[in-house]
Every structure is written in structure tokens, then in C-alpha cells.
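See below for target-v3.cif, which holds mmCIF, C-alpha atoms and all ligand atoms.
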data_my_file
loop_
_atom_site.label_atom_id
_atom_site.label_comp_id
_atom_site.auth_asym_id
_atom_site.auth_seq_id
_atom_site.Cartn_x
_atom_site.Cartn_y
_atom_site.Cartn_z
CA MET A 20 -39.01 45.14 10.26
CA GLY A 21 -37.73 44.89 6.75
CA TRP A 22 -34.52 46.69 5.85
CA ASP A 23 -32.54 46.09 2.74
CA GLY A 24 -30.71 47.84 -0.01
CA THR A 25 -32.32 45.92 -2.78
CA GLY A 26 -34.50 48.77 -3.93
CA GLY A 27 -37.70 47.08 -2.81
CA LEU A 28 -40.86 49.09 -3.10
CA GLU A 29 -40.84 50.26 0.48
CA ARG A 30 -39.94 53.83 1.17
CA LEU A 31 -37.27 54.76 3.67
CA VAL A 32 -37.48 57.33 6.44
CA ILE A 33 -34.21 57.83 8.29
CA GLY A 34 -33.68 60.08 11.29
CA ASN A 35 -30.23 61.61 11.72
CA TRP A 36 -29.77 62.70 15.32
CA LYS A 37 -26.37 64.28 14.61
CA MET A 38 -24.54 65.16 17.87
CA ASN A 39 -27.67 65.03 20.03
CA LEU A 40 -29.37 62.79 22.62
CA GLY A 41 -27.22 60.94 25.13
CA LEU A 42 -28.16 57.93 27.24
CA THR A 43 -31.00 59.48 29.23
CA ALA A 44 -32.50 61.48 26.36
CA SER A 45 -32.31 58.59 23.91
CA ASP A 46 -33.94 56.29 26.45
CA GLN A 47 -36.75 58.81 26.76
CA TRP A 48 -37.02 58.93 22.96
CA CYS A 49 -37.33 55.12 22.86
CA ASP A 50 -39.93 55.12 25.66
CA GLU A 51 -42.03 57.64 23.77
CA PHE A 52 -41.55 55.91 20.42
CA LEU A 53 -42.40 52.44 21.73
CA ALA A 54 -45.50 53.77 23.51
CA SER A 55 -46.85 55.28 20.30
CA PRO A 56 -50.30 53.97 19.39
CA HIS A 57 -49.38 54.43 15.72
CA LEU A 58 -46.89 51.56 15.46
CA PRO A 59 -46.24 49.68 13.28
CA VAL A 60 -46.27 52.07 10.34
CA PRO A 61 -46.94 49.78 7.36
CA GLY A 62 -45.14 49.89 4.02
CA LEU A 63 -42.08 51.72 5.29
CA GLN A 64 -38.53 51.05 6.39
CA LEU A 65 -37.55 53.21 9.35
CA GLY A 66 -34.01 54.01 10.40
CA ILE A 67 -32.32 56.09 13.10
CA ALA A 68 -28.69 57.19 13.06
CA PRO A 69 -27.93 58.11 16.69
CA PRO A 70 -24.62 59.14 18.22
CA VAL A 71 -22.28 56.17 18.34
CA THR A 72 -22.37 56.22 22.16
CA VAL A 73 -25.97 54.99 22.23
CA LEU A 74 -26.02 52.96 19.02
CA ALA A 75 -25.82 49.52 20.63
CA ARG A 76 -28.44 50.40 23.20
CA LEU A 77 -30.84 51.71 20.58
CA ALA A 78 -30.27 48.72 18.33
CA GLU A 79 -31.38 46.50 21.21
CA ARG A 80 -34.36 48.58 22.26
CA LEU A 81 -35.72 49.35 18.79
CA LYS A 82 -34.87 46.10 17.05
CA ASN A 83 -38.44 45.16 16.15
CA TRP A 84 -39.28 48.55 14.67
CA VAL A 85 -36.35 50.59 13.47
CA ALA A 86 -33.01 49.83 11.84
CA VAL A 87 -30.21 51.58 13.66
CA GLY A 88 -27.28 52.98 11.73
CA ALA A 89 -24.15 55.05 12.08
CA GLN A 90 -23.71 58.69 11.04
CA ASP A 91 -20.28 57.91 9.64
CA CYS A 92 -17.70 55.13 9.60
CA SER A 93 -13.95 54.88 9.25
CA GLY A 94 -12.51 54.39 5.79
CA MET A 95 -9.59 52.46 7.28
CA ALA A 96 -9.19 48.75 7.96
CA ALA A 97 -11.62 46.63 9.98
CA ALA A 98 -9.35 46.87 13.03
CA GLY A 99 -5.95 48.19 13.96
CA ALA A 100 -3.97 51.11 15.32
CA TYR A 101 -6.27 53.94 14.24
CA THR A 102 -6.89 56.00 17.36
CA GLY A 103 -10.36 57.52 17.45
CA GLU A 104 -11.62 55.77 14.33
CA VAL A 105 -14.65 53.47 14.46
CA SER A 106 -14.63 50.84 11.73
CA ALA A 107 -17.72 49.73 9.87
CA GLU A 108 -17.14 46.26 11.33
CA LEU A 109 -17.24 47.61 14.89
CA LEU A 110 -20.43 49.49 14.06
CA ALA A 111 -22.00 46.36 12.60
CA ASP A 112 -20.93 44.46 15.71
CA ALA A 113 -22.73 47.09 17.83
CA GLY A 114 -25.93 46.55 15.86
CA ALA A 115 -25.69 49.04 13.00
CA VAL A 116 -27.45 48.02 9.81
CA PHE A 117 -26.61 51.07 7.69
CA ALA A 118 -24.23 54.02 7.70
CA LEU A 119 -24.66 57.55 6.42
CA ILE A 120 -21.68 58.30 4.24
CA GLY A 121 -20.52 61.73 3.10
CA HIS A 122 -22.98 63.90 5.00
CA SER A 123 -22.35 67.52 4.02
CA GLU A 124 -21.58 68.45 7.64
CA ARG A 125 -18.59 66.12 7.30
CA ARG A 126 -17.70 66.94 3.70
CA ARG A 127 -17.85 70.69 4.16
CA GLY A 128 -17.45 71.15 7.90
CA LEU A 129 -14.49 70.58 10.18
CA ALA A 130 -13.88 67.05 8.95
CA GLY A 131 -13.34 68.34 5.39
CA GLU A 132 -13.97 64.96 3.80
CA SER A 133 -12.93 64.71 0.17
CA ASN A 134 -14.79 62.60 -2.36
CA GLY A 135 -11.83 60.20 -2.14
CA LEU A 136 -12.22 59.76 1.61
CA VAL A 137 -15.97 59.36 1.17
CA ALA A 138 -15.27 56.64 -1.39
CA SER A 139 -13.10 54.72 1.07
CA LYS A 140 -15.81 54.98 3.72
CA TYR A 141 -18.40 53.77 1.25
CA ALA A 142 -16.25 50.76 0.41
CA ALA A 143 -15.64 50.05 4.11
CA ALA A 144 -19.38 50.06 4.82
CA VAL A 145 -19.97 47.60 1.97
CA ARG A 146 -17.08 45.43 3.21
CA ALA A 147 -18.70 45.20 6.65
CA GLY A 148 -22.16 44.42 5.30
CA LEU A 149 -23.63 47.81 6.22
CA LEU A 150 -25.99 49.50 3.78
CA PRO A 151 -24.28 52.78 2.82
CA VAL A 152 -26.59 55.76 2.47
CA LEU A 153 -24.57 58.17 0.37
CA CYS A 154 -25.35 61.84 1.01
CA LEU A 155 -25.00 64.34 -1.84
CA GLY A 156 -25.79 67.98 -2.29
CA GLU A 157 -24.69 71.32 -3.63
CA SER A 158 -23.93 74.54 -1.74
CA LEU A 159 -25.88 77.71 -2.40
CA ALA A 160 -22.93 79.19 -4.29
CA GLU A 161 -22.74 76.10 -6.50
CA ARG A 162 -26.49 76.28 -7.17
CA ASP A 163 -26.36 79.99 -7.91
CA SER A 164 -23.61 79.47 -10.43
CA GLY A 165 -25.54 76.72 -12.19
CA GLU A 166 -23.24 73.90 -11.09
CA THR A 167 -25.75 71.72 -9.23
CA SER A 168 -25.88 68.85 -11.73
CA ALA A 169 -22.11 68.87 -12.23
CA VAL A 170 -21.48 68.80 -8.46
CA LEU A 171 -23.90 65.92 -7.97
CA ALA A 172 -22.37 64.01 -10.88
CA ARG A 173 -18.87 64.47 -9.46
CA GLN A 174 -19.92 63.41 -5.99
CA ILE A 175 -21.54 60.26 -7.37
CA ARG A 176 -18.69 59.42 -9.70
CA ASP A 177 -15.96 59.91 -7.13
CA SER A 178 -17.76 58.75 -4.00
CA ILE A 179 -18.86 55.38 -5.23
CA ALA A 180 -15.75 54.75 -7.28
CA LEU A 181 -14.84 51.80 -5.06
CA ALA A 182 -18.35 50.38 -4.84
CA PRO A 183 -19.05 47.02 -6.44
CA PRO A 184 -20.79 47.49 -9.82
CA ASN A 185 -24.56 47.08 -10.09
CA GLN A 186 -25.02 47.08 -6.36
CA PRO A 187 -28.38 48.51 -5.24
CA LEU A 188 -27.84 52.06 -4.07
CA VAL A 189 -29.47 54.33 -1.54
CA LEU A 190 -28.61 58.00 -1.98
CA ALA A 191 -29.79 61.04 -0.06
CA TYR A 192 -30.05 64.34 -1.90
CA GLU A 193 -29.53 67.06 0.68
CA PRO A 194 -28.91 70.55 -0.69
CA VAL A 195 -26.49 72.09 1.80
CA TRP A 196 -28.45 75.34 1.94
CA ALA A 197 -31.65 73.51 2.98
CA ILE A 198 -30.14 71.64 5.93
CA GLY A 199 -31.28 73.05 9.26
CA ALA A 200 -32.59 76.08 7.38
CA ARG A 201 -36.35 75.74 8.02
CA ARG A 202 -36.65 75.98 4.25
CA ALA A 203 -36.84 72.83 2.19
CA ALA A 204 -35.96 72.81 -1.50
CA THR A 205 -38.87 73.42 -3.87
CA PRO A 206 -40.52 70.53 -5.73
CA GLU A 207 -38.97 71.77 -9.01
CA GLN A 208 -35.48 71.82 -7.49
CA ILE A 209 -35.94 68.34 -6.02
CA VAL A 210 -37.30 66.82 -9.24
CA ALA A 211 -34.41 68.27 -11.23
CA ALA A 212 -31.75 67.13 -8.77
CA HIS A 213 -33.15 63.61 -8.40
CA LEU A 214 -33.34 63.33 -12.17
CA ALA A 215 -29.75 64.53 -12.51
CA ILE A 216 -28.69 61.88 -9.98
CA ARG A 217 -30.57 59.09 -11.78
CA GLU A 218 -29.01 60.11 -15.07
CA GLN A 219 -25.62 59.33 -13.57
CA LEU A 220 -26.68 55.81 -12.65
CA PRO A 221 -28.31 54.24 -15.71
CA GLY A 222 -29.49 50.72 -15.04
CA HIS A 223 -28.69 50.91 -11.34
CA PRO A 224 -31.36 49.95 -8.83
CA VAL A 225 -31.41 53.15 -6.79
CA ARG A 226 -33.53 54.76 -4.13
CA ILE A 227 -33.11 58.48 -3.56
CA LEU A 228 -34.16 60.16 -0.34
CA TYR A 229 -34.65 63.89 0.08
CA GLY A 230 -33.21 65.65 3.13
CA GLY A 231 -33.10 69.26 4.32
CA SER A 232 -35.66 70.90 6.65
CA VAL A 233 -38.09 67.98 6.56
CA THR A 234 -40.85 68.37 9.16
CA ALA A 235 -44.12 66.69 10.04
CA ASN A 236 -45.81 69.52 8.12
CA ASN A 237 -44.01 69.13 4.80
CA ALA A 238 -43.20 65.38 4.82
CA LYS A 239 -46.27 64.38 2.87
CA SER A 240 -45.82 66.89 0.08
CA LEU A 241 -42.09 66.14 -0.16
CA VAL A 242 -42.55 62.40 -0.51
CA GLN A 243 -45.21 62.89 -3.16
CA ILE A 244 -42.69 64.57 -5.45
CA ALA A 245 -41.81 62.38 -8.41
CA GLY A 246 -38.55 60.52 -7.83
CA VAL A 247 -38.51 60.86 -4.03
CA ASP A 248 -38.25 57.42 -2.43
CA GLY A 249 -38.05 58.54 1.18
CA LEU A 250 -36.75 61.17 3.56
CA LEU A 251 -33.65 61.87 5.63
CA VAL A 252 -34.75 63.85 8.66
CA GLY A 253 -32.44 65.79 10.97
CA GLY A 254 -33.87 68.12 13.61
CA ALA A 255 -37.44 66.83 13.38
CA SER A 256 -36.31 63.28 14.24
CA LEU A 257 -35.19 64.35 17.72
CA LYS A 258 -38.75 64.14 18.98
CA ALA A 259 -40.18 60.63 18.78
CA SER A 260 -43.72 61.91 18.21
CA ASP A 261 -42.59 64.04 15.24
CA PHE A 262 -40.63 61.14 13.77
CA VAL A 263 -43.69 58.87 14.01
CA MET A 264 -45.84 61.61 12.49
CA ILE A 265 -43.43 61.97 9.55
CA ALA A 266 -43.42 58.19 9.06
CA ARG A 267 -47.21 58.17 9.02
CA GLU A 268 -47.37 60.99 6.49
CA VAL A 269 -44.99 59.09 4.23
CA ALA A 270 -46.86 55.80 4.68
CA GLY A 271 -50.10 57.60 3.90
CA SER A 272 -48.82 58.52 0.45
CA VAL A 273 -47.66 55.06 -0.50
CA GLY A 274 -50.15 54.82 -3.37
CA ARG A 275 -47.83 56.62 -5.78
CA GLN A 276 -45.40 54.49 -7.77
CA PRO A 277 -41.86 55.60 -7.00
CA LEU A 278 -39.69 56.46 -10.01
CA ARG A 279 -36.88 53.97 -10.44
CA ASN A 280 -34.11 53.10 -12.81
CA CYS A 281 -34.71 49.40 -12.57
P1 LIG B 301 -32.47 68.92 8.93
O1 LIG B 301 -31.14 68.05 8.67
O2 LIG B 301 -33.63 68.00 8.72
O3 LIG B 301 -32.35 69.37 10.35
O4 LIG B 301 -32.46 70.04 7.95
C1 LIG B 301 -31.11 67.08 7.67
C2 LIG B 301 -29.76 66.40 7.63
O5 LIG B 301 -28.74 67.07 7.81
O6 LIG B 301 -29.68 65.18 7.41
#
Show me this structure written as C-alpha cells.
Amino acid sequence: MGWDGTGGLERLVIGNWKMNLGLTASDQWCDEFLASPHLPVPGLQLGIAPPVTVLARLAERLKNWVAVGAQDCSGMAAAGAYTGEVSAELLADAGAVFALIGHSERRRGLAGESNGLVASKYAAAVRAGLLPVLCLGESLAERDSGETSAVLARQIRDSIALAPPNQPLVLAYEPVWAIGARRAATPEQIVAAHLAIREQLPGHPVRILYGGSVTANNAKSLVQIAGVDGLLVGGASLKASDFVMIAREVAGSVGRQPLRNC
């Protein structure tokens, strides 16, 4: 299994389990995944971000096939008196290879993460050797008032403020209104947003995933959109057979040259 942040040609498909699947259910997921006749899926990097309670177990069980990552990490120190926090180093020690950073459910939900906090988490992930997957996206109100590009630009500028320059980046464009909505963004909206993101990062090696209501039915058409280098999949990744199906749809469209800045 190859997994790197160097912007290699391989596409990424990452499943985000959110607050779902405990020990028994995640074991069943692994059993079903590992029994799939469709593995390996060539030309792809696969990742799963499970709840932290099963991360180490999944990293062990899936190590030949899927990179396991965290859904978040602390922006604090590597260790210390920070009750309830889980540092990027502890996550790496448990087998995490990447971390989602700044998911909108954390930015805009109860956690209320500011771009500043997201920036410290991004830097912590880099410090621990995790590949940060920075999530970006506008709300419906921001889109309706024509602020999408400005919001994305601000999120990029502020969130990776502490990142080392010229480091290869993996970003996930997830319009907030398309998450869990059974309605993905349109190709025109995705092209425009991915272009707006790339414009903020001239000369940077960058891969941009699309996320928001990805399913086995729309994965192929989404990944064929110019500038889409992979997918971030929430609800549809909770079933191993759907996740494999999505991976196969993406692998099946590998002929197209991804758009890149480098
Ligand atoms: P969804 O979630 O695929 O269920 O819309 C995507 C995400 O939040 O990463």
C-alpha cells in the first residue's frame, strides 16, 4: 500500500466514519473488506478515519490495504497535562498515518474550531509526521452571498499559516451544505471551487479531494471532474462493500490526467 503526501499520481479515497462503528461493528467491516474479491484496487491510495477507539486495531488489521488516520488531533504539545486531548504523536503511535484537520463538523459544530485552532492542529500533525488532510468548505449562506472563493481563500491562508512552506498538500473541498445531504455539489460548482483553491496555492504540489454526499453511484462522475484528485466519503464508507465499490469506480477512471499545480 502506498501512502504519501508527495502529490504522486495516485488518487486518494478516504472514508470518514465520524462517530460510528465500535469494536464489533468495525471488526465486521474489516472482515467484509478483507473478504472482498476486488482487492487490491490498483492505482489508488485508500484511507479510513475511524473513531479513535478502534484506530489501533484497524491499523493492525488493514495494514496491507488501507492507511488508517485520525478524524482530528490536538493542537497542543506532544504530551502533557491536557485532559481529553489526543496528540498527533499519540495517534501516530497508535498507527495513524494521516489526520483530517478542520472538518466542517468541528469548525462549525459544537467544537467551534477557529482557523487559528485549525492551524495549530495542522502544525501538530506535521510535527508528528502525520499527513494532514485539510478540510475546507463554504456554508449555503456563504455560497448564496457569493463568498465561496473568499471563504476558501481565508480558510487556506489561515489554516496552513503554520505549515512549512512548499510542503505537498492534501486538501478536501467539502461544501457544508452537501455533507450528509444526499445531494453532491454540481460539476460546475466543484470545478470552480477547486480552481479557486489552486489559485491560492501557486507552485504548491497539491491534491484536492471532493467530499459531500459521495456514493457508489456518483463516485465515478465526481472523480472525472477536472481538478478532482480523489474523494472524501462519509456515510457511504460505513459499509465495506460500498467503500470498495467507490474505490473501484475511482480506479476505473484513472485514465484521466489529474490537474495539478506542480
Ligand atoms: P457524507 O460526509 O459523505 O456523508 O456527505 C462527508 C464528510 O463529512 O466527510
Could you check the closest approach to ligand LIG 301 (chain B) for each of A:Ser139, A:Asn185, A:Asn237, A:Ser164 and tell me which residue wins, using all atoms listed in the file?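 Distance minimum relative to ligand LIG 301 (chain B) lands on A:Asn237.
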Would you place a box with edges along x, y and z of the file around all atoms of ligand LIG 301 (chain B) listed there, add 5 Å to each of its six sides, and report the centre and edge lengths in Å to one decimal, as JSON?
{"center_x": -31.2, "center_y": 67.6, "center_z": 8.9, "size_x": 14.9, "size_y": 14.9, "size_z": 12.9}
Find the spatial neighbours of Lys239 (chain A), counting only C-alpha atoms, within a cut-off of 7 Å - ignore same-chain residues fewer than 3 positions away - and output them as a list in words.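 My reading of the contact set: Val242, Gln243, Glu268, Val269 and Ser272 of chain A.
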For ligand LIG 301 (chain B), which of A:Val170, A:Ala147, A:Ala98, A:Leu119 is the closest residue, counting only C-alpha atoms and all ligand atoms?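 For ligand LIG 301 (chain B), the nearest of the given residues is A:Leu119.
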Hey, which residues come within 8 Å of ligand LIG 301 (chain B) if we count all atoms listed in the file? Could you give them as a ChimeraX atom specification? /A:34-35,37,122-124,193,197-201,203,230-234,251-256
With distances taken over all atoms listed in the file, which of A:Ala266, A:Leu110, A:Gly249, A:Gly271 is nearest to Trp84 (chain A)?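 Among the listed residues, the smallest separation from Trp84 (chain A) belongs to A:Ala266.
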Could you check which of A:Gly66, A:Gly114, A:Gly103, A:Gly165 is closest to Ala78 (chain A), using all atoms listed in the file?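 Answer, going by the shortest atom-to-atom distance: A:Gly114.
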For region 207-223 of chain A, list every protein, DNA or RNA residue within 8 Å, evaluated using all atoms listed in the file, and leave out those in the same chain fewer than 5 positions away; present the list as a list in words. Thr167, Ser168, Leu171, Ala172, Ile175, Arg176, Asn185, Gln186, Pro187, Leu188, Tyr192, Tyr229, Ile244, Ala245, Gly246, Val247, Asn280 and Cys281 of chain A
Find the residues near Pro151 (chain A): any atom within 9 Å, counting all atoms listed in the file, skip ones fewer than 3 places away on the same chain, and give them as a list of chain:residue names. A:Gly24, A:Phe117, A:Ala118, A:Leu119, A:Ile120, A:Lys140, A:Tyr141, A:Ala142, A:Ala144, A:Val145, A:Gly148, A:Leu188, A:Val189, A:Leu190
Can you pull out every residue within 12 Å of Pro56 (chain A), counting only C-alpha atoms, but drop anything in the same chain fewer than 5 positions away, and send it as a PyMOL selection string? chain A and resi 51+260+263-264+267
List as a compact mmCIF listing (two decimals) with C-alpha atoms, in the coordinates of the input the protein and nucleic acid residues near Lys82 (chain A), meaning an atom at most 12 Å away when all atoms listed in the file are counted, but skip any in the same chain fewer than 2 places from it.
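Saved to part-v5.txt:
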# COMPACT_ATOMS: atom_id res chain seq x y z
CA MET A 20 -39.01 45.14 10.26
CA GLY A 21 -37.73 44.89 6.75
CA TRP A 22 -34.52 46.69 5.85
CA CYS A 49 -37.33 55.12 22.86
CA LEU A 53 -42.40 52.44 21.73
CA LEU A 65 -37.55 53.21 9.35
CA GLY A 66 -34.01 54.01 10.40
CA ILE A 67 -32.32 56.09 13.10
CA LEU A 74 -26.02 52.96 19.02
CA ALA A 75 -25.82 49.52 20.63
CA ARG A 76 -28.44 50.40 23.20
CA LEU A 77 -30.84 51.71 20.58
CA ALA A 78 -30.27 48.72 18.33
CA GLU A 79 -31.38 46.50 21.21
CA ARG A 80 -34.36 48.58 22.26
CA TRP A 84 -39.28 48.55 14.67
CA VAL A 85 -36.35 50.59 13.47
CA ALA A 86 -33.01 49.83 11.84
CA VAL A 87 -30.21 51.58 13.66
CA GLY A 88 -27.28 52.98 11.73
CA GLY A 114 -25.93 46.55 15.86
CA ALA A 115 -25.69 49.04 13.00
CA VAL A 116 -27.45 48.02 9.81
Between A:Asp163, A:Asp91, A:Asp50, A:Asp112, which has the minimum distance to Arg125 (chain A) (counting all atoms listed in the file)?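 Nearest to Arg125 (chain A): A:Asp91.
Atom to atom, CA of Ser158 (chain A) and CA of Arg127 (chain A) stand 9.3 Å apart.
Take CA of Ala160 (chain A) and CA of Ser178 (chain A): the distance between them is 21.1 Å.
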Quick one: distance from CA of Val32 (chain A) to CA of Leu63 (chain A) in Å, one decimal? 7.3 Å
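Proximity of A:Ala97, A:Ala270, A:Ala204, A:Ala259 to Gln47 (chain A), computed with all atoms listed in the file, is greatest for A:Ala259.
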